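Here is protein-v2.txt, consisting of compact mmCIF, C-alpha atoms:
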```txt
# COMPACT_ATOMS: atom_id res chain seq x y z
CA ALA A 1 87.35 -33.23 -2.93
CA GLN A 2 84.87 -35.95 -2.17
CA THR A 3 82.30 -35.54 0.56
CA VAL A 4 80.02 -38.08 2.20
CA THR A 5 76.85 -37.01 3.98
CA GLN A 6 74.75 -39.01 6.41
CA SER A 7 71.74 -36.92 7.37
CA GLN A 8 70.37 -39.19 10.09
CA PRO A 9 72.45 -38.86 13.28
CA GLU A 10 70.29 -41.36 15.16
CA MET A 11 67.68 -43.95 14.32
CA SER A 12 65.85 -46.64 16.24
CA VAL A 13 63.71 -49.56 15.14
CA GLN A 14 61.95 -52.50 16.72
CA GLU A 15 63.64 -55.85 16.56
CA ALA A 16 62.73 -57.85 13.42
CA GLU A 17 61.71 -54.75 11.49
CA THR A 18 63.45 -53.30 8.45
CA VAL A 19 65.42 -50.06 8.59
CA THR A 20 67.09 -47.96 5.91
CA LEU A 21 70.09 -45.73 6.54
CA SER A 22 70.72 -42.91 4.08
CA CYS A 23 73.97 -41.73 2.53
CA THR A 24 74.74 -39.28 -0.22
CA TYR A 25 78.09 -38.37 -1.66
CA ASP A 26 79.63 -35.86 -3.98
CA THR A 27 82.30 -36.66 -6.54
CA SER A 28 83.23 -35.80 -10.10
CA GLU A 29 84.75 -39.20 -10.71
CA ASN A 30 83.12 -42.05 -12.54
CA ASN A 31 84.89 -45.02 -10.99
CA TYR A 32 84.86 -45.47 -7.25
CA TYR A 33 83.83 -47.72 -4.39
CA LEU A 34 81.31 -47.21 -1.63
CA PHE A 35 81.19 -48.96 1.72
CA TRP A 36 79.16 -49.31 4.85
CA TYR A 37 81.11 -49.92 8.03
CA LYS A 38 79.61 -50.92 11.35
CA GLN A 39 81.05 -49.88 14.70
CA PRO A 40 79.46 -51.70 17.67
CA PRO A 41 80.03 -50.57 21.26
CA SER A 42 83.28 -52.56 21.24
CA ARG A 43 84.65 -49.83 18.92
CA GLN A 44 85.86 -52.32 16.33
CA MET A 45 85.20 -51.17 12.76
CA ILE A 46 83.66 -53.93 10.66
CA LEU A 47 83.01 -53.86 6.93
CA VAL A 48 79.33 -54.58 6.27
CA ILE A 49 79.02 -54.25 2.52
CA ARG A 50 80.84 -52.87 -0.53
CA GLN A 51 79.59 -51.54 -3.87
CA GLU A 52 81.65 -50.92 -6.99
CA ALA A 53 80.34 -47.91 -8.92
CA TYR A 54 80.68 -49.63 -12.30
CA LYS A 55 78.29 -52.40 -11.21
CA GLN A 56 74.62 -51.69 -11.73
CA GLN A 57 73.48 -54.53 -9.52
CA ASN A 58 72.99 -53.61 -5.89
CA ALA A 59 75.22 -55.46 -3.44
CA THR A 60 73.69 -57.78 -0.85
CA GLU A 61 75.17 -59.58 2.15
CA ASN A 62 72.63 -61.74 3.94
CA ARG A 63 70.25 -59.33 5.72
CA PHE A 64 72.12 -56.26 4.45
CA SER A 65 71.52 -54.73 1.05
CA VAL A 66 72.15 -51.40 -0.61
CA ASN A 67 70.20 -49.17 -2.93
CA PHE A 68 72.85 -47.58 -5.14
CA GLN A 69 71.62 -44.71 -7.30
CA LYS A 70 74.66 -43.49 -9.20
CA ALA A 71 73.00 -40.57 -10.96
CA ALA A 72 71.55 -39.31 -7.70
CA LYS A 73 74.81 -40.08 -5.84
CA SER A 74 72.87 -41.96 -3.22
CA PHE A 75 73.91 -45.11 -1.36
CA SER A 76 71.45 -46.31 1.28
CA LEU A 77 71.78 -49.38 3.48
CA LYS A 78 68.79 -51.58 4.21
CA ILE A 79 68.86 -53.93 7.17
CA SER A 80 66.13 -56.56 7.09
CA ASP A 81 64.89 -58.57 10.06
CA SER A 82 66.91 -56.37 12.39
CA GLN A 83 68.58 -58.01 15.37
CA LEU A 84 69.81 -56.67 18.71
CA GLY A 85 73.37 -57.23 17.52
CA ASP A 86 72.81 -54.68 14.77
CA THR A 87 72.89 -51.90 17.36
CA ALA A 88 75.92 -49.84 16.36
CA MET A 89 77.21 -46.75 14.63
CA TYR A 90 77.08 -47.11 10.86
CA PHE A 91 79.44 -45.19 8.63
CA CYS A 92 79.13 -44.68 4.92
CA ALA A 93 82.49 -44.33 3.13
CA PHE A 94 83.83 -43.51 -0.33
CA ILE A 95 87.08 -44.21 -2.11
CA SER A 96 88.27 -43.25 -5.57
CA ASN A 97 89.59 -45.90 -7.92
CA PHE A 98 92.42 -43.75 -9.21
CA GLY A 99 95.20 -44.88 -6.93
CA ASN A 100 94.14 -42.58 -4.13
CA GLU A 101 93.46 -45.09 -1.43
CA LYS A 102 92.16 -42.63 1.13
CA LEU A 103 88.76 -43.55 2.45
CA THR A 104 86.41 -40.62 3.18
CA PHE A 105 83.81 -41.26 5.86
CA GLY A 106 80.44 -39.76 6.64
CA THR A 107 79.62 -38.60 10.15
CA GLY A 108 77.75 -41.77 11.03
CA THR A 109 74.26 -42.89 12.05
CA ARG A 110 73.71 -44.35 15.49
CA LEU A 111 71.25 -47.22 15.12
CA THR A 112 69.49 -48.72 18.11
CA ILE A 113 67.49 -51.92 17.83
CA ILE A 114 64.72 -52.00 20.44
CA PRO A 115 63.79 -55.39 21.91
CA ASN B 1 95.41 -64.03 13.48
CA ALA B 2 96.24 -60.59 14.93
CA GLY B 3 95.38 -58.31 11.97
CA VAL B 4 96.02 -54.70 13.03
CA THR B 5 97.32 -54.15 16.54
CA GLN B 6 97.56 -50.76 18.18
CA THR B 7 98.94 -49.76 21.54
CA PRO B 8 98.15 -48.37 24.00
CA LYS B 9 94.37 -48.85 24.16
CA PHE B 10 93.95 -46.01 26.65
CA GLN B 11 96.16 -43.07 27.59
CA VAL B 12 95.76 -39.92 29.67
CA LEU B 13 98.17 -37.07 29.05
CA LYS B 14 98.69 -33.60 30.42
CA THR B 15 98.82 -30.67 28.04
CA GLY B 16 102.30 -30.38 26.56
CA GLN B 17 103.31 -33.98 27.09
CA SER B 18 104.37 -36.15 24.18
CA MET B 19 103.48 -39.69 23.30
CA THR B 20 103.58 -42.20 20.45
CA LEU B 21 100.79 -44.49 19.34
CA GLN B 22 102.12 -47.70 17.88
CA CYS B 23 100.49 -49.70 15.11
CA ALA B 24 101.51 -52.97 13.48
CA GLN B 25 99.83 -55.18 10.89
CA ASP B 26 100.65 -58.73 9.94
CA MET B 27 98.69 -58.93 6.67
CA ASN B 28 101.53 -57.79 4.39
CA HIS B 29 99.54 -54.69 3.45
CA ASN B 30 101.21 -51.83 1.62
CA SER B 31 99.03 -48.96 2.82
CA MET B 32 98.54 -47.83 6.40
CA TYR B 33 96.47 -45.03 7.90
CA TRP B 34 95.83 -43.09 11.05
CA TYR B 35 92.31 -41.75 11.63
CA ARG B 36 90.80 -39.91 14.54
CA GLN B 37 87.16 -40.27 15.55
CA ASP B 38 85.27 -37.49 17.29
CA PRO B 39 81.56 -37.31 18.12
CA GLY B 40 79.54 -35.94 15.20
CA MET B 41 82.62 -35.80 12.96
CA GLY B 42 82.99 -39.38 11.79
CA LEU B 43 86.51 -40.59 11.07
CA ARG B 44 88.99 -38.09 9.72
CA LEU B 45 92.30 -39.02 8.14
CA ILE B 46 95.38 -37.72 9.91
CA TYR B 47 98.18 -39.31 7.90
CA TYR B 48 98.53 -41.99 5.31
CA SER B 49 101.41 -44.16 4.10
CA ALA B 50 101.16 -45.82 0.69
CA SER B 51 104.33 -47.85 1.21
CA GLU B 52 107.38 -48.17 3.38
CA GLY B 53 109.28 -44.90 3.46
CA THR B 54 106.43 -42.70 2.23
CA THR B 55 103.90 -40.67 4.16
CA ASP B 56 101.23 -38.18 3.14
CA LYS B 57 99.10 -35.70 5.05
CA GLY B 58 95.42 -36.31 5.42
CA GLU B 59 92.61 -33.98 6.40
CA VAL B 60 93.79 -33.10 9.93
CA PRO B 61 97.62 -33.49 10.19
CA ASN B 62 98.44 -30.48 12.38
CA GLY B 63 100.00 -31.43 15.71
CA TYR B 64 100.96 -34.93 14.58
CA ASN B 65 103.95 -36.67 13.07
CA VAL B 66 104.20 -40.18 11.70
CA SER B 67 106.86 -42.75 10.94
CA ARG B 68 106.55 -45.71 8.62
CA LEU B 69 109.27 -47.75 10.24
CA ASN B 70 108.90 -50.73 7.93
CA LYS B 71 106.12 -52.43 6.03
CA ARG B 72 104.48 -53.67 9.22
CA GLU B 73 104.66 -50.64 11.49
CA PHE B 74 103.24 -47.12 11.33
CA SER B 75 103.48 -44.91 14.40
CA LEU B 76 101.72 -41.65 15.26
CA ARG B 77 103.43 -39.12 17.51
CA LEU B 78 102.00 -36.19 19.41
CA GLU B 79 104.92 -33.91 20.21
CA SER B 80 103.05 -31.50 22.49
CA ALA B 81 99.59 -32.76 23.30
CA ALA B 82 96.65 -30.35 23.40
CA PRO B 83 93.11 -30.86 24.74
CA SER B 84 91.83 -30.64 21.14
CA GLN B 85 93.66 -33.91 20.48
CA THR B 86 91.42 -35.78 22.92
CA SER B 87 89.92 -38.40 20.63
CA VAL B 88 89.80 -42.06 19.68
CA TYR B 89 92.55 -42.95 17.24
CA PHE B 90 92.33 -45.76 14.74
CA CYS B 91 95.09 -47.35 12.75
CA ALA B 92 94.11 -49.18 9.58
CA SER B 93 95.75 -50.98 6.69
CA SER B 94 94.83 -52.01 3.17
CA LYS B 95 96.30 -53.67 0.12
CA PRO B 96 95.43 -51.55 -2.92
CA GLY B 97 95.16 -52.98 -6.37
CA THR B 98 94.12 -56.47 -5.36
CA GLY B 99 90.55 -56.24 -6.53
CA VAL B 100 89.22 -55.29 -3.15
CA SER B 101 90.22 -51.69 -3.38
CA GLY B 102 89.41 -49.59 -0.41
CA GLU B 103 88.68 -52.27 2.14
CA LEU B 104 90.41 -51.13 5.28
CA PHE B 105 91.22 -53.36 8.21
CA PHE B 106 91.10 -51.50 11.49
CA GLY B 107 92.73 -51.83 14.86
CA GLU B 108 90.62 -51.68 18.00
CA GLY B 109 91.25 -48.00 18.59
CA SER B 110 93.16 -46.00 21.21
CA ARG B 111 91.31 -43.60 23.48
CA LEU B 112 93.48 -40.59 24.27
CA THR B 113 92.51 -37.95 26.81
CA VAL B 114 94.51 -34.74 27.12
CA LEU B 115 93.88 -32.79 30.32
```

Since I need it in another form, could you write the structure as structure tokens?
Amino acid sequence: AQTVTQSQPEMSVQEAETVTLSCTYDTSENNYYLFWYKQPPSRQMILVIRQEAYKQQNATENRFSVNFQKAAKSFSLKISDSQLGDTAMYFCAFISNFGNEKLTFGTGTRLTIIP
Amino acid sequence: NAGVTQTPKFQVLKTGQSMTLQCAQDMNHNSMYWYRQDPGMGLRLIYYSASEGTTDKGEVPNGYNVSRLNKREFSLRLESAAPSQTSVYFCASSKPGTGVSGELFFGEGSRLTVL
């Protein structure tokens, strides 16, 4: 079974600074997808960024980028120029590419951006 | 553009009462899911439906039943509610095999309190 671990329950950073959220996972599979989801106080789950395991290039979406280390099974999220609207819970998630479409989530990191 | 709609948004039950959470999606997705979110636990899969007429247990199915009524609708029923089922419940949907494997679209969540 796959597991996803987020070791930072809470983090805070000053507005405009850069912050990195950590995620590690455990799987025996070679093909899979990794995700970061954001959950603001509104409770709505929003996809932030996605990484396909077969791609060596790290995914980027505007101020959000990942550091994907497949051998180390590490998938961290970097938020640059942080904004107040980035305050949210962030969940790392994993899914296999073998027809099992069940997403496994980590326990989340609560990020607070300080004005 | 409704996406995934779940009702009710809030519900208070007494121990032993029953209720059904309704979920509908208008994106023609094949797969639908029910997750529960508890503090420090992340999101845990309760039940999953890969297509109309099929359902599969997730990580925490005990105390729940589901019905995939048609392609659009996937309901979650608590037959005899217990305080341990106090949680926020999320319905989600996805369309596997379209090149965006694993991207789930979530409803806004339903907060259930069992007294």

Could you check the closest approach to chain A for each of B:Arg44, B:Arg36, B:Arg111, B:Arg72 and tell me which residue wins, using all atoms listed in the file?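 Ranked by minimum distance to chain A, first place goes to B:Arg44.
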
With all atoms listed in the file as the counted atoms, please give the residues lying no more than 9 Å from Val4 (chain A), apart from itself and same-chain residues fewer than 3 positions off, as a list in words. Cys23, Thr24, Tyr25, Asp26, Cys92, Ala93, Phe94, Thr104, Phe105, Gly106 and Thr107 of chain A

Could you list, as a compact mmCIF listing (two decimals) with C-alpha atoms, keeping the file's coordinate frame, every residue of chain B that has an atom within 6 Å of an atom of chain A, counting all atoms listed in the file?
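result23.txt, written as the output of this step:
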```txt
# COMPACT_ATOMS: atom_id res chain seq x y z
CA GLY B 40 79.54 -35.94 15.20
CA MET B 41 82.62 -35.80 12.96
CA GLY B 42 82.99 -39.38 11.79
CA LEU B 43 86.51 -40.59 11.07
CA GLU B 108 90.62 -51.68 18.00
```

Edge lengths and centre in Å to one decimal, as JSON, is what I'm after for the box along x, y and z that holds all listed atoms of region 44-58 of chain B once 4 Å is added on each side.
```
{"center_x": 99.1, "center_y": -41.9, "center_z": 5.3, "size_x": 28.3, "size_y": 20.5, "size_z": 17.2}
```

Would you pick out the contacts of Phe75 (chain A) at 7 Å or less, using only C-alpha atoms, so that residues sharing its chain but fewer than 4 positions from it are not included, and give the list as a PyMOL selection string? chain A and resi 22-24+66-69

Grab the residues selected above and save them as a PDB file, in the frame of the given file with C-alpha atoms.
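The result, stored in part_2.pdb:
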```
ATOM      1  CA  SER A  22      70.720 -42.910   4.080  1.00  0.00           C
ATOM      2  CA  CYS A  23      73.970 -41.730   2.530  1.00  0.00           C
ATOM      3  CA  THR A  24      74.740 -39.280  -0.220  1.00  0.00           C
ATOM      4  CA  VAL A  66      72.150 -51.400  -0.610  1.00  0.00           C
ATOM      5  CA  ASN A  67      70.200 -49.170  -2.930  1.00  0.00           C
ATOM      6  CA  PHE A  68      72.850 -47.580  -5.140  1.00  0.00           C
ATOM      7  CA  GLN A  69      71.620 -44.710  -7.300  1.00  0.00           C
TER       8      GLN A  69
END
```

List every protein, DNA or RNA residue that has at least one atom no more than 7 Å from (99.0, -41.4, 5.9) in the file's coordinates, counting all atoms listed in the file, and write the result as a compact mmCIF listing (two decimals) with C-alpha atoms, in the frame of the given file.
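What ended up in selection.txt:
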```txt
# COMPACT_ATOMS: atom_id res chain seq x y z
CA MET B 32 98.54 -47.83 6.40
CA TYR B 33 96.47 -45.03 7.90
CA TRP B 34 95.83 -43.09 11.05
CA ILE B 46 95.38 -37.72 9.91
CA TYR B 47 98.18 -39.31 7.90
CA TYR B 48 98.53 -41.99 5.31
CA SER B 49 101.41 -44.16 4.10
CA THR B 55 103.90 -40.67 4.16
CA ASP B 56 101.23 -38.18 3.14
CA LYS B 57 99.10 -35.70 5.05
CA GLY B 58 95.42 -36.31 5.42
```

Quick check, in Å to one decimal: how far apart do CA of Gln22 (chain B) and CA of Arg110 (chain A) lie?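 That distance, rounded to one decimal, is 28.7 Å.
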
Provide the CA of Thr5 (chain A) to CA of Lys95 (chain B) distance in Å, to one decimal place.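 For CA of Thr5 (chain A) relative to CA of Lys95 (chain B), the distance reads 25.9 Å.
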
Using only C-alpha atoms, can you tell me which of A:Thr112, A:Gln2, A:Gln8, A:Gln56 comes closest to Ala71 (chain A)?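 Residue with the minimum atom-to-atom distance to Ala71 (chain A): A:Gln56.
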
Find the distance between CA of Gly16 (chain B) and CA of Ala82 (chain B) and write it in Å to one decimal.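 Separating CA of Gly16 (chain B) from CA of Ala82 (chain B) is a distance of 6.5 Å.
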
Under the rule that only C-alpha atoms are counted, which of B:Pro39, B:Gly53, B:Pro61, B:Gly3 is the nearest residue to Ala24 (chain B)? B:Gly3

Using all atoms listed in the file - which residues lie no farther than 10 Å from the point (95.7, -36.4, 28.0) in the file's frame? Write them as a list in words.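 Output: Phe10, Gln11, Val12, Leu13, Lys14, Thr15, Gly16, Gln17, Ser18, Met19, Ala81, Ala82, Pro83, Ser84, Gln85, Thr86, Ser87, Arg111, Leu112, Thr113, Val114 and Leu115 of chain B.
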
Which neighbours of Ser93 (chain B) fall inside 8 Å, counting only C-alpha atoms, when residues of the same chain fewer than 2 positions from it are skipped, and could you give them as an MDAnalysis selection string? chainID B and resid 4 25 29:33 91 95 104:106

Please produce a file of those selected residues containing C-alpha atoms, as an mmCIF file, in the frame of the given file.
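Contents of the output file again-v4.cif:
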```
data_model
loop_
_atom_site.group_PDB
_atom_site.id
_atom_site.type_symbol
_atom_site.label_atom_id
_atom_site.label_comp_id
_atom_site.auth_asym_id
_atom_site.auth_seq_id
_atom_site.Cartn_x
_atom_site.Cartn_y
_atom_site.Cartn_z
ATOM 1 C CA VAL B 4 96.020 -54.700 13.030
ATOM 2 C CA GLN B 25 99.830 -55.180 10.890
ATOM 3 C CA HIS B 29 99.540 -54.690 3.450
ATOM 4 C CA ASN B 30 101.210 -51.830 1.620
ATOM 5 C CA SER B 31 99.030 -48.960 2.820
ATOM 6 C CA MET B 32 98.540 -47.830 6.400
ATOM 7 C CA TYR B 33 96.470 -45.030 7.900
ATOM 8 C CA CYS B 91 95.090 -47.350 12.750
ATOM 9 C CA LYS B 95 96.300 -53.670 0.120
ATOM 10 C CA LEU B 104 90.410 -51.130 5.280
ATOM 11 C CA PHE B 105 91.220 -53.360 8.210
ATOM 12 C CA PHE B 106 91.100 -51.500 11.490
#
```

Glu73 (chain B) surroundings by only C-alpha atoms, 7 Å radius, close-in-sequence under 2 positions cut, as a PyMOL selection string: chain B and resi 23-25+68-71+75
